[in-house]
Amino acid sequence: MAIPAVTTEERALIKSYLLLMFIHKVFERDCRIIQESGVFKTPQLYVEVVANGAKRAAILLREVKQEFTRRAIKVYDVEQDNDGIQAKFACRGYLGSMNILWPSFREEMMDRMRAYLGLSSSEAENVHPLHPAAAAP
């Protein structure tokens, strides 16, 4: 029986790595913006919430990197353009690439970010009080 070049599980790990990298960057950027904006009365509370999400993402990212080492996976080129994310990787000596379009990447990022912030996905529907569905009688 032939050994597959890159397994589905290994591809999922690579995708998770890409998502966690972007999520961590977004959380860190949001913390900076909240701190520097001068808009919030109590920015430290919001920064704390977002920083906790960043910590969760960082822990998971570290675990994925450890798994990369165990499985001999290396992501060596990540690019983004108007269409999405492209990553080149090496896995146990095999070279490969992964392309993820923005709509699905953003959707999964938002789902994971909600989880890392301790929000349920159903809460997302009730976030904006001026949403047309919320204003209807």
# chains A, B, ... in the order shown; residues from 1 in each chain; ligands from 1

$ residues_around --residues "Tyr17 (chain A)" --least-positions-apart "2" --cutoff "12 Å" --atoms "only C-alpha atoms" --output "PDB file with all heavy atoms, in the first residue's frame"
ATOM      1  N   GLU A  10      -2.561  16.058   8.115  1.00  0.00           N
ATOM      2  CA  GLU A  10      -1.434  16.988   7.984  1.00  0.00           C
ATOM      3  C   GLU A  10      -1.868  18.283   7.304  1.00  0.00           C
ATOM      4  O   GLU A  10      -1.459  19.370   7.707  1.00  0.00           O
ATOM      5  CB  GLU A  10      -0.282  16.316   7.226  1.00  0.00           C
ATOM      6  CG  GLU A  10       0.382  15.229   8.056  1.00  0.00           C
ATOM      7  CD  GLU A  10       1.240  14.268   7.253  1.00  0.00           C
ATOM      8  OE1 GLU A  10       1.022  14.129   6.022  1.00  0.00           O
ATOM      9  OE2 GLU A  10       2.124  13.645   7.868  1.00  0.00           O
ATOM     10  N   ARG A  11      -2.721  18.166   6.302  1.00  0.00           N
ATOM     11  CA  ARG A  11      -3.258  19.375   5.643  1.00  0.00           C
ATOM     12  C   ARG A  11      -4.090  20.200   6.629  1.00  0.00           C
ATOM     13  O   ARG A  11      -4.034  21.424   6.632  1.00  0.00           O
ATOM     14  CB  ARG A  11      -4.097  19.007   4.429  1.00  0.00           C
ATOM     15  CG  ARG A  11      -3.269  18.566   3.247  1.00  0.00           C
ATOM     16  CD  ARG A  11      -4.113  18.464   1.980  1.00  0.00           C
ATOM     17  NE  ARG A  11      -3.266  18.290   0.830  1.00  0.00           N
ATOM     18  CZ  ARG A  11      -2.609  19.269   0.200  1.00  0.00           C
ATOM     19  NH1 ARG A  11      -2.732  20.493   0.614  1.00  0.00           N
ATOM     20  NH2 ARG A  11      -1.839  19.021  -0.825  1.00  0.00           N
ATOM     21  N   ALA A  12      -4.859  19.530   7.485  1.00  0.00           N
ATOM     22  CA  ALA A  12      -5.657  20.228   8.491  1.00  0.00           C
ATOM     23  C   ALA A  12      -4.755  20.960   9.485  1.00  0.00           C
ATOM     24  O   ALA A  12      -5.068  22.077   9.915  1.00  0.00           O
ATOM     25  CB  ALA A  12      -6.577  19.250   9.220  1.00  0.00           C
ATOM     26  N   LEU A  13      -3.630  20.346   9.840  1.00  0.00           N
ATOM     27  CA  LEU A  13      -2.665  20.992  10.731  1.00  0.00           C
ATOM     28  C   LEU A  13      -2.087  22.254  10.086  1.00  0.00           C
ATOM     29  O   LEU A  13      -1.940  23.288  10.744  1.00  0.00           O
ATOM     30  CB  LEU A  13      -1.510  20.036  11.052  1.00  0.00           C
ATOM     31  CG  LEU A  13      -1.638  19.178  12.277  1.00  0.00           C
ATOM     32  CD1 LEU A  13      -0.496  18.166  12.335  1.00  0.00           C
ATOM     33  CD2 LEU A  13      -1.663  20.014  13.538  1.00  0.00           C
ATOM     34  N   ILE A  14      -1.766  22.164   8.814  1.00  0.00           N
ATOM     35  CA  ILE A  14      -1.211  23.313   8.098  1.00  0.00           C
ATOM     36  C   ILE A  14      -2.243  24.434   8.029  1.00  0.00           C
ATOM     37  O   ILE A  14      -1.939  25.606   8.280  1.00  0.00           O
ATOM     38  CB  ILE A  14      -0.716  22.899   6.696  1.00  0.00           C
ATOM     39  CG1 ILE A  14       0.480  21.953   6.839  1.00  0.00           C
ATOM     40  CG2 ILE A  14      -0.362  24.113   5.846  1.00  0.00           C
ATOM     41  CD1 ILE A  14       0.842  21.187   5.579  1.00  0.00           C
ATOM     42  N   LYS A  15      -3.476  24.081   7.741  1.00  0.00           N
ATOM     43  CA  LYS A  15      -4.544  25.081   7.689  1.00  0.00           C
ATOM     44  C   LYS A  15      -4.733  25.713   9.063  1.00  0.00           C
ATOM     45  O   LYS A  15      -4.894  26.925   9.191  1.00  0.00           O
ATOM     46  CB  LYS A  15      -5.847  24.436   7.204  1.00  0.00           C
ATOM     47  CG  LYS A  15      -6.985  25.426   7.087  1.00  0.00           C
ATOM     48  CD  LYS A  15      -8.238  24.761   6.578  1.00  0.00           C
ATOM     49  CE  LYS A  15      -9.382  25.750   6.465  1.00  0.00           C
ATOM     50  NZ  LYS A  15     -10.632  25.099   6.058  1.00  0.00           N
ATOM     51  N   LEU A  19      -4.435  29.693  10.083  1.00  0.00           N
ATOM     52  CA  LEU A  19      -5.509  30.390  10.787  1.00  0.00           C
ATOM     53  C   LEU A  19      -5.009  30.979  12.107  1.00  0.00           C
ATOM     54  O   LEU A  19      -5.271  32.154  12.412  1.00  0.00           O
ATOM     55  CB  LEU A  19      -6.678  29.441  11.046  1.00  0.00           C
ATOM     56  CG  LEU A  19      -7.533  29.112   9.833  1.00  0.00           C
ATOM     57  CD1 LEU A  19      -8.311  27.829  10.058  1.00  0.00           C
ATOM     58  CD2 LEU A  19      -8.471  30.272   9.524  1.00  0.00           C
ATOM     59  N   LEU A  20      -4.283  30.196  12.868  1.00  0.00           N
ATOM     60  CA  LEU A  20      -3.792  30.665  14.160  1.00  0.00           C
ATOM     61  C   LEU A  20      -2.801  31.817  14.014  1.00  0.00           C
ATOM     62  O   LEU A  20      -2.805  32.751  14.826  1.00  0.00           O
ATOM     63  CB  LEU A  20      -3.162  29.508  14.944  1.00  0.00           C
ATOM     64  CG  LEU A  20      -4.173  28.507  15.496  1.00  0.00           C
ATOM     65  CD1 LEU A  20      -3.482  27.215  15.900  1.00  0.00           C
ATOM     66  CD2 LEU A  20      -4.936  29.114  16.668  1.00  0.00           C
ATOM     67  N   MET A  21      -1.964  31.765  12.990  1.00  0.00           N
ATOM     68  CA  MET A  21      -1.031  32.876  12.739  1.00  0.00           C
ATOM     69  C   MET A  21      -1.796  34.173  12.511  1.00  0.00           C
ATOM     70  O   MET A  21      -1.491  35.206  13.104  1.00  0.00           O
ATOM     71  CB  MET A  21      -0.178  32.596  11.499  1.00  0.00           C
ATOM     72  CG  MET A  21       1.102  31.878  11.766  1.00  0.00           C
ATOM     73  SD  MET A  21       2.169  31.757  10.296  1.00  0.00           S
ATOM     74  CE  MET A  21       1.558  32.936   9.134  1.00  0.00           C
ATOM     75  N   PHE A  22      -2.794  34.116  11.641  1.00  0.00           N
ATOM     76  CA  PHE A  22      -3.571  35.309  11.319  1.00  0.00           C
ATOM     77  C   PHE A  22      -4.394  35.768  12.515  1.00  0.00           C
ATOM     78  O   PHE A  22      -4.480  36.962  12.799  1.00  0.00           O
ATOM     79  CB  PHE A  22      -4.462  35.057  10.097  1.00  0.00           C
ATOM     80  CG  PHE A  22      -3.742  35.261   8.799  1.00  0.00           C
ATOM     81  CD1 PHE A  22      -2.923  34.267   8.280  1.00  0.00           C
ATOM     82  CD2 PHE A  22      -3.871  36.446   8.093  1.00  0.00           C
ATOM     83  CE1 PHE A  22      -2.251  34.447   7.090  1.00  0.00           C
ATOM     84  CE2 PHE A  22      -3.198  36.641   6.901  1.00  0.00           C
ATOM     85  CZ  PHE A  22      -2.383  35.635   6.388  1.00  0.00           C
ATOM     86  N   ILE A  23      -5.007  34.842  13.218  1.00  0.00           N
ATOM     87  CA  ILE A  23      -5.819  35.182  14.382  1.00  0.00           C
ATOM     88  C   ILE A  23      -4.971  35.882  15.433  1.00  0.00           C
ATOM     89  O   ILE A  23      -5.371  36.913  15.994  1.00  0.00           O
ATOM     90  CB  ILE A  23      -6.510  33.925  14.957  1.00  0.00           C
ATOM     91  CG1 ILE A  23      -7.614  33.461  14.013  1.00  0.00           C
ATOM     92  CG2 ILE A  23      -7.051  34.183  16.365  1.00  0.00           C
ATOM     93  CD1 ILE A  23      -8.166  32.082  14.330  1.00  0.00           C
ATOM     94  N   HIS A  24      -3.806  35.338  15.701  1.00  0.00           N
ATOM     95  CA  HIS A  24      -2.925  35.935  16.712  1.00  0.00           C
ATOM     96  C   HIS A  24      -2.542  37.359  16.312  1.00  0.00           C
ATOM     97  O   HIS A  24      -2.573  38.280  17.138  1.00  0.00           O
ATOM     98  CB  HIS A  24      -1.691  35.049  16.917  1.00  0.00           C
ATOM     99  CG  HIS A  24      -0.897  35.454  18.109  1.00  0.00           C
ATOM    100  ND1 HIS A  24       0.246  36.193  18.019  1.00  0.00           N
ATOM    101  CD2 HIS A  24      -1.113  35.242  19.437  1.00  0.00           C
ATOM    102  CE1 HIS A  24       0.719  36.423  19.231  1.00  0.00           C
ATOM    103  NE2 HIS A  24      -0.087  35.852  20.107  1.00  0.00           N
ATOM    104  N   ALA A  57      -4.804  31.619  21.376  1.00  0.00           N
ATOM    105  CA  ALA A  57      -4.321  31.365  20.019  1.00  0.00           C
ATOM    106  C   ALA A  57      -2.825  31.038  20.040  1.00  0.00           C
ATOM    107  O   ALA A  57      -2.372  30.138  19.324  1.00  0.00           O
ATOM    108  CB  ALA A  57      -4.601  32.565  19.115  1.00  0.00           C
ATOM    109  N   ALA A  58      -2.057  31.750  20.855  1.00  0.00           N
ATOM    110  CA  ALA A  58      -0.609  31.510  20.938  1.00  0.00           C
ATOM    111  C   ALA A  58      -0.306  30.119  21.487  1.00  0.00           C
ATOM    112  O   ALA A  58       0.608  29.436  20.993  1.00  0.00           O
ATOM    113  CB  ALA A  58       0.051  32.581  21.809  1.00  0.00           C
ATOM    114  N   ILE A  59      -1.069  29.681  22.470  1.00  0.00           N
ATOM    115  CA  ILE A  59      -0.867  28.336  23.034  1.00  0.00           C
ATOM    116  C   ILE A  59      -1.145  27.278  21.973  1.00  0.00           C
ATOM    117  O   ILE A  59      -0.361  26.339  21.791  1.00  0.00           O
ATOM    118  CB  ILE A  59      -1.766  28.130  24.278  1.00  0.00           C
ATOM    119  CG1 ILE A  59      -1.254  28.978  25.440  1.00  0.00           C
ATOM    120  CG2 ILE A  59      -1.846  26.652  24.657  1.00  0.00           C
ATOM    121  CD1 ILE A  59      -2.225  29.091  26.603  1.00  0.00           C
ATOM    122  N   LEU A  60      -2.253  27.441  21.258  1.00  0.00           N
ATOM    123  CA  LEU A  60      -2.591  26.478  20.201  1.00  0.00           C
ATOM    124  C   LEU A  60      -1.568  26.516  19.066  1.00  0.00           C
ATOM    125  O   LEU A  60      -1.201  25.469  18.521  1.00  0.00           O
ATOM    126  CB  LEU A  60      -3.995  26.756  19.667  1.00  0.00           C
ATOM    127  CG  LEU A  60      -5.116  26.483  20.663  1.00  0.00           C
ATOM    128  CD1 LEU A  60      -6.435  27.030  20.149  1.00  0.00           C
ATOM    129  CD2 LEU A  60      -5.223  24.996  20.945  1.00  0.00           C
ATOM    130  N   LEU A  61      -1.093  27.694  18.730  1.00  0.00           N
ATOM    131  CA  LEU A  61      -0.078  27.828  17.688  1.00  0.00           C
ATOM    132  C   LEU A  61       1.206  27.099  18.096  1.00  0.00           C
ATOM    133  O   LEU A  61       1.812  26.393  17.293  1.00  0.00           O
ATOM    134  CB  LEU A  61       0.201  29.305  17.407  1.00  0.00           C
ATOM    135  CG  LEU A  61       1.143  29.627  16.263  1.00  0.00           C
ATOM    136  CD1 LEU A  61       0.653  29.030  14.950  1.00  0.00           C
ATOM    137  CD2 LEU A  61       1.298  31.142  16.129  1.00  0.00           C
ATOM    138  N   ARG A  62       1.590  27.234  19.360  1.00  0.00           N
ATOM    139  CA  ARG A  62       2.771  26.532  19.858  1.00  0.00           C
ATOM    140  C   ARG A  62       2.580  25.014  19.765  1.00  0.00           C
ATOM    141  O   ARG A  62       3.485  24.280  19.361  1.00  0.00           O
ATOM    142  CB  ARG A  62       3.067  26.959  21.300  1.00  0.00           C
ATOM    143  CG  ARG A  62       4.352  26.377  21.843  1.00  0.00           C
ATOM    144  CD  ARG A  62       4.750  26.923  23.207  1.00  0.00           C
ATOM    145  NE  ARG A  62       3.647  26.961  24.152  1.00  0.00           N
ATOM    146  CZ  ARG A  62       3.166  28.078  24.721  1.00  0.00           C
ATOM    147  NH1 ARG A  62       3.685  29.244  24.433  1.00  0.00           N
ATOM    148  NH2 ARG A  62       2.168  28.011  25.573  1.00  0.00           N
ATOM    149  N   GLU A  63       1.381  24.539  20.096  1.00  0.00           N
ATOM    150  CA  GLU A  63       1.101  23.102  20.009  1.00  0.00           C
ATOM    151  C   GLU A  63       1.163  22.615  18.563  1.00  0.00           C
ATOM    152  O   GLU A  63       1.687  21.525  18.294  1.00  0.00           O
ATOM    153  CB  GLU A  63      -0.260  22.789  20.622  1.00  0.00           C
ATOM    154  CG  GLU A  63      -0.296  22.943  22.126  1.00  0.00           C
ATOM    155  CD  GLU A  63      -1.690  22.797  22.721  1.00  0.00           C
ATOM    156  OE1 GLU A  63      -2.664  22.594  21.961  1.00  0.00           O
ATOM    157  OE2 GLU A  63      -1.798  22.893  23.961  1.00  0.00           O
ATOM    158  N   VAL A  64       0.640  23.405  17.637  1.00  0.00           N
ATOM    159  CA  VAL A  64       0.691  23.026  16.222  1.00  0.00           C
ATOM    160  C   VAL A  64       2.147  22.989  15.754  1.00  0.00           C
ATOM    161  O   VAL A  64       2.547  22.068  15.041  1.00  0.00           O
ATOM    162  CB  VAL A  64      -0.156  23.996  15.356  1.00  0.00           C
ATOM    163  CG1 VAL A  64       0.121  23.790  13.874  1.00  0.00           C
ATOM    164  CG2 VAL A  64      -1.637  23.799  15.645  1.00  0.00           C
ATOM    165  N   LYS A  65       2.953  23.946  16.179  1.00  0.00           N
ATOM    166  CA  LYS A  65       4.367  23.959  15.789  1.00  0.00           C
ATOM    167  C   LYS A  65       5.098  22.730  16.336  1.00  0.00           C
ATOM    168  O   LYS A  65       5.955  22.158  15.663  1.00  0.00           O
ATOM    169  CB  LYS A  65       5.046  25.240  16.272  1.00  0.00           C
ATOM    170  CG  LYS A  65       4.658  26.461  15.473  1.00  0.00           C
ATOM    171  CD  LYS A  65       5.356  27.698  16.026  1.00  0.00           C
ATOM    172  CE  LYS A  65       5.020  28.929  15.238  1.00  0.00           C
ATOM    173  NZ  LYS A  65       5.703  30.123  15.780  1.00  0.00           N
ATOM    174  N   GLN A  66       4.749  22.332  17.559  1.00  0.00           N
ATOM    175  CA  GLN A  66       5.346  21.116  18.123  1.00  0.00           C
ATOM    176  C   GLN A  66       4.960  19.897  17.289  1.00  0.00           C
ATOM    177  O   GLN A  66       5.782  19.007  17.044  1.00  0.00           O
ATOM    178  CB  GLN A  66       4.918  20.930  19.577  1.00  0.00           C
ATOM    179  CG  GLN A  66       5.538  21.929  20.521  1.00  0.00           C
ATOM    180  CD  GLN A  66       4.937  21.889  21.919  1.00  0.00           C
ATOM    181  OE1 GLN A  66       3.871  21.313  22.150  1.00  0.00           O
ATOM    182  NE2 GLN A  66       5.619  22.521  22.869  1.00  0.00           N
ATOM    183  N   GLU A  67       3.714  19.869  16.859  1.00  0.00           N
ATOM    184  CA  GLU A  67       3.253  18.767  16.015  1.00  0.00           C
ATOM    185  C   GLU A  67       3.952  18.813  14.655  1.00  0.00           C
ATOM    186  O   GLU A  67       4.283  17.773  14.086  1.00  0.00           O
ATOM    187  CB  GLU A  67       1.727  18.833  15.859  1.00  0.00           C
ATOM    188  CG  GLU A  67       1.107  17.607  15.267  1.00  0.00           C
ATOM    189  CD  GLU A  67       1.260  16.351  16.121  1.00  0.00           C
ATOM    190  OE1 GLU A  67       1.504  16.435  17.341  1.00  0.00           O
ATOM    191  OE2 GLU A  67       1.136  15.251  15.538  1.00  0.00           O
ATOM    192  N   PHE A  68       4.204  20.008  14.138  1.00  0.00           N
ATOM    193  CA  PHE A  68       4.975  20.156  12.894  1.00  0.00           C
ATOM    194  C   PHE A  68       6.342  19.500  13.050  1.00  0.00           C
ATOM    195  O   PHE A  68       6.794  18.770  12.168  1.00  0.00           O
ATOM    196  CB  PHE A  68       5.180  21.639  12.559  1.00  0.00           C
ATOM    197  CG  PHE A  68       4.079  22.278  11.760  1.00  0.00           C
ATOM    198  CD1 PHE A  68       2.834  21.690  11.592  1.00  0.00           C
ATOM    199  CD2 PHE A  68       4.293  23.501  11.160  1.00  0.00           C
ATOM    200  CE1 PHE A  68       1.830  22.293  10.849  1.00  0.00           C
ATOM    201  CE2 PHE A  68       3.308  24.121  10.414  1.00  0.00           C
ATOM    202  CZ  PHE A  68       2.082  23.518  10.255  1.00  0.00           C
ATOM    203  N   ILE A  73       7.012  18.761   9.320  1.00  0.00           N
ATOM    204  CA  ILE A  73       6.278  19.693   8.462  1.00  0.00           C
ATOM    205  C   ILE A  73       6.894  21.070   8.629  1.00  0.00           C
ATOM    206  O   ILE A  73       7.203  21.490   9.750  1.00  0.00           O
ATOM    207  CB  ILE A  73       4.783  19.755   8.840  1.00  0.00           C
ATOM    208  CG1 ILE A  73       4.119  18.389   8.673  1.00  0.00           C
ATOM    209  CG2 ILE A  73       4.062  20.816   8.008  1.00  0.00           C
ATOM    210  CD1 ILE A  73       2.694  18.327   9.205  1.00  0.00           C
ATOM    211  N   LYS A  74       7.054  21.761   7.524  1.00  0.00           N
ATOM    212  CA  LYS A  74       7.558  23.131   7.568  1.00  0.00           C
ATOM    213  C   LYS A  74       6.799  23.964   6.547  1.00  0.00           C
ATOM    214  O   LYS A  74       6.750  23.630   5.371  1.00  0.00           O
ATOM    215  CB  LYS A  74       9.045  23.180   7.270  1.00  0.00           C
ATOM    216  CG  LYS A  74       9.609  24.587   7.299  1.00  0.00           C
ATOM    217  CD  LYS A  74      11.104  24.585   7.251  1.00  0.00           C
ATOM    218  CE  LYS A  74      11.698  25.961   7.172  1.00  0.00           C
ATOM    219  NZ  LYS A  74      11.388  26.880   8.211  1.00  0.00           N
ATOM    220  N   VAL A  75       6.173  25.043   7.018  1.00  0.00           N
ATOM    221  CA  VAL A  75       5.540  26.010   6.125  1.00  0.00           C
ATOM    222  C   VAL A  75       6.598  27.062   5.868  1.00  0.00           C
ATOM    223  O   VAL A  75       7.104  27.689   6.795  1.00  0.00           O
ATOM    224  CB  VAL A  75       4.273  26.626   6.763  1.00  0.00           C
ATOM    225  CG1 VAL A  75       3.694  27.707   5.872  1.00  0.00           C
ATOM    226  CG2 VAL A  75       3.235  25.538   7.019  1.00  0.00           C
ATOM    227  N   TYR A  76       6.970  27.241   4.604  1.00  0.00           N
ATOM    228  CA  TYR A  76       8.091  28.126   4.330  1.00  0.00           C
ATOM    229  C   TYR A  76       7.747  29.348   3.498  1.00  0.00           C
ATOM    230  O   TYR A  76       8.580  30.234   3.328  1.00  0.00           O
ATOM    231  CB  TYR A  76       9.252  27.357   3.696  1.00  0.00           C
ATOM    232  CG  TYR A  76       8.948  26.691   2.383  1.00  0.00           C
ATOM    233  CD1 TYR A  76       9.111  27.361   1.183  1.00  0.00           C
ATOM    234  CD2 TYR A  76       8.515  25.368   2.345  1.00  0.00           C
ATOM    235  CE1 TYR A  76       8.839  26.746  -0.020  1.00  0.00           C
ATOM    236  CE2 TYR A  76       8.244  24.744   1.151  1.00  0.00           C
ATOM    237  CZ  TYR A  76       8.413  25.438  -0.030  1.00  0.00           C
ATOM    238  OH  TYR A  76       8.144  24.833  -1.224  1.00  0.00           O
ATOM    239  N   VAL A  78       4.302  32.011   2.953  1.00  0.00           N
ATOM    240  CA  VAL A  78       2.889  32.356   3.090  1.00  0.00           C
ATOM    241  C   VAL A  78       2.686  33.710   2.428  1.00  0.00           C
ATOM    242  O   VAL A  78       3.380  34.672   2.747  1.00  0.00           O
ATOM    243  CB  VAL A  78       2.464  32.429   4.574  1.00  0.00           C
ATOM    244  CG1 VAL A  78       1.005  32.822   4.698  1.00  0.00           C
ATOM    245  CG2 VAL A  78       2.723  31.107   5.275  1.00  0.00           C
ATOM    246  N   ALA A  87       0.038  29.120   0.687  1.00  0.00           N
ATOM    247  CA  ALA A  87       1.159  28.683   1.514  1.00  0.00           C
ATOM    248  C   ALA A  87       1.867  27.525   0.829  1.00  0.00           C
ATOM    249  O   ALA A  87       1.228  26.635   0.276  1.00  0.00           O
ATOM    250  CB  ALA A  87       0.664  28.253   2.881  1.00  0.00           C
ATOM    251  N   PHE A  89       4.646  24.439   1.529  1.00  0.00           N
ATOM    252  CA  PHE A  89       5.108  23.676   2.680  1.00  0.00           C
ATOM    253  C   PHE A  89       5.882  22.442   2.239  1.00  0.00           C
ATOM    254  O   PHE A  89       5.782  22.000   1.093  1.00  0.00           O
ATOM    255  CB  PHE A  89       3.933  23.275   3.577  1.00  0.00           C
ATOM    256  CG  PHE A  89       2.906  22.414   2.893  1.00  0.00           C
ATOM    257  CD1 PHE A  89       3.039  21.032   2.856  1.00  0.00           C
ATOM    258  CD2 PHE A  89       1.799  22.990   2.281  1.00  0.00           C
ATOM    259  CE1 PHE A  89       2.083  20.241   2.226  1.00  0.00           C
ATOM    260  CE2 PHE A  89       0.838  22.213   1.652  1.00  0.00           C
ATOM    261  CZ  PHE A  89       0.985  20.835   1.623  1.00  0.00           C
ATOM    262  N   MET A  98      -0.964  25.116  -0.510  1.00  0.00           N
ATOM    263  CA  MET A  98      -2.347  25.189  -0.062  1.00  0.00           C
ATOM    264  C   MET A  98      -2.868  26.577  -0.409  1.00  0.00           C
ATOM    265  O   MET A  98      -2.191  27.571  -0.162  1.00  0.00           O
ATOM    266  CB  MET A  98      -2.414  24.969   1.451  1.00  0.00           C
ATOM    267  CG  MET A  98      -3.803  25.045   2.025  1.00  0.00           C
ATOM    268  SD  MET A  98      -3.835  24.666   3.802  1.00  0.00           S
ATOM    269  CE  MET A  98      -3.487  22.903   3.751  1.00  0.00           C
ATOM    270  N   MET A 109     -11.885  31.900  10.620  1.00  0.00           N
ATOM    271  CA  MET A 109     -11.201  32.778  11.581  1.00  0.00           C
ATOM    272  C   MET A 109     -12.199  33.325  12.602  1.00  0.00           C
ATOM    273  O   MET A 109     -11.934  33.305  13.809  1.00  0.00           O
ATOM    274  CB  MET A 109     -10.536  33.958  10.868  1.00  0.00           C
ATOM    275  CG  MET A 109      -9.127  33.708  10.406  1.00  0.00           C
ATOM    276  SD  MET A 109      -8.380  35.205   9.678  1.00  0.00           S
ATOM    277  CE  MET A 109      -8.254  36.275  11.086  1.00  0.00           C
TER     278      MET A 109
END

$ select_by_dssp --residues "region 7-129 of chain A" --states "strand (DSSP E)" --output "PyMOL selection string"
chain A and resi 73-80+84-91+94-101

$ atom_distance --atom1 "CA of Asn52 (chain A)" --atom2 "CA of Tyr116 (chain A)"
7.7 Å

$ closest_residue --among "A:Glu79, A:Glu36, A:Asp30, A:Glu108" --to "Ser16 (chain A)" --atoms "only C-alpha atoms"
A:Glu108

$ residues_around --residues "Glu28 (chain A)" --least-positions-apart "6" --cutoff "9 Å" --atoms "only C-alpha atoms" --output "PyMOL selection string"
chain A and resi 50-51+54

$ write_last_selection --atoms "all heavy atoms" --output "mmCIF file, in the first residue's frame"
data_model
loop_
_atom_site.group_PDB
_atom_site.id
_atom_site.type_symbol
_atom_site.label_atom_id
_atom_site.label_comp_id
_atom_site.auth_asym_id
_atom_site.auth_seq_id
_atom_site.Cartn_x
_atom_site.Cartn_y
_atom_site.Cartn_z
ATOM 1 N N VAL A 50 -9.417 40.666 24.787
ATOM 2 C CA VAL A 50 -8.781 40.342 23.504
ATOM 3 C C VAL A 50 -7.415 39.693 23.742
ATOM 4 O O VAL A 50 -7.043 38.748 23.037
ATOM 5 C CB VAL A 50 -8.671 41.600 22.611
ATOM 6 C CG1 VAL A 50 -7.946 41.281 21.319
ATOM 7 C CG2 VAL A 50 -10.066 42.154 22.308
ATOM 8 N N ALA A 51 -6.673 40.169 24.735
ATOM 9 C CA ALA A 51 -5.362 39.579 25.046
ATOM 10 C C ALA A 51 -5.509 38.124 25.475
ATOM 11 O O ALA A 51 -4.658 37.281 25.148
ATOM 12 C CB ALA A 51 -4.658 40.392 26.128
ATOM 13 N N ALA A 54 -5.805 36.196 22.425
ATOM 14 C CA ALA A 54 -4.475 36.092 21.801
ATOM 15 C C ALA A 54 -3.639 35.026 22.499
ATOM 16 O O ALA A 54 -2.912 34.268 21.843
ATOM 17 C CB ALA A 54 -3.764 37.442 21.843
#

$ atom_distance --atom1 "CA of Gln35 (chain A)" --atom2 "CA of Val49 (chain A)"
12.4 Å

$ select_by_dssp --residues "region 69-124 of chain A" --states "alpha helix (DSSP H)" --output "NGL selection string"
:A and (69-71 or 102-116)

$ atom_distance --atom1 "CA of Thr69 (chain A)" --atom2 "CA of Thr8 (chain A)"
17.3 Å
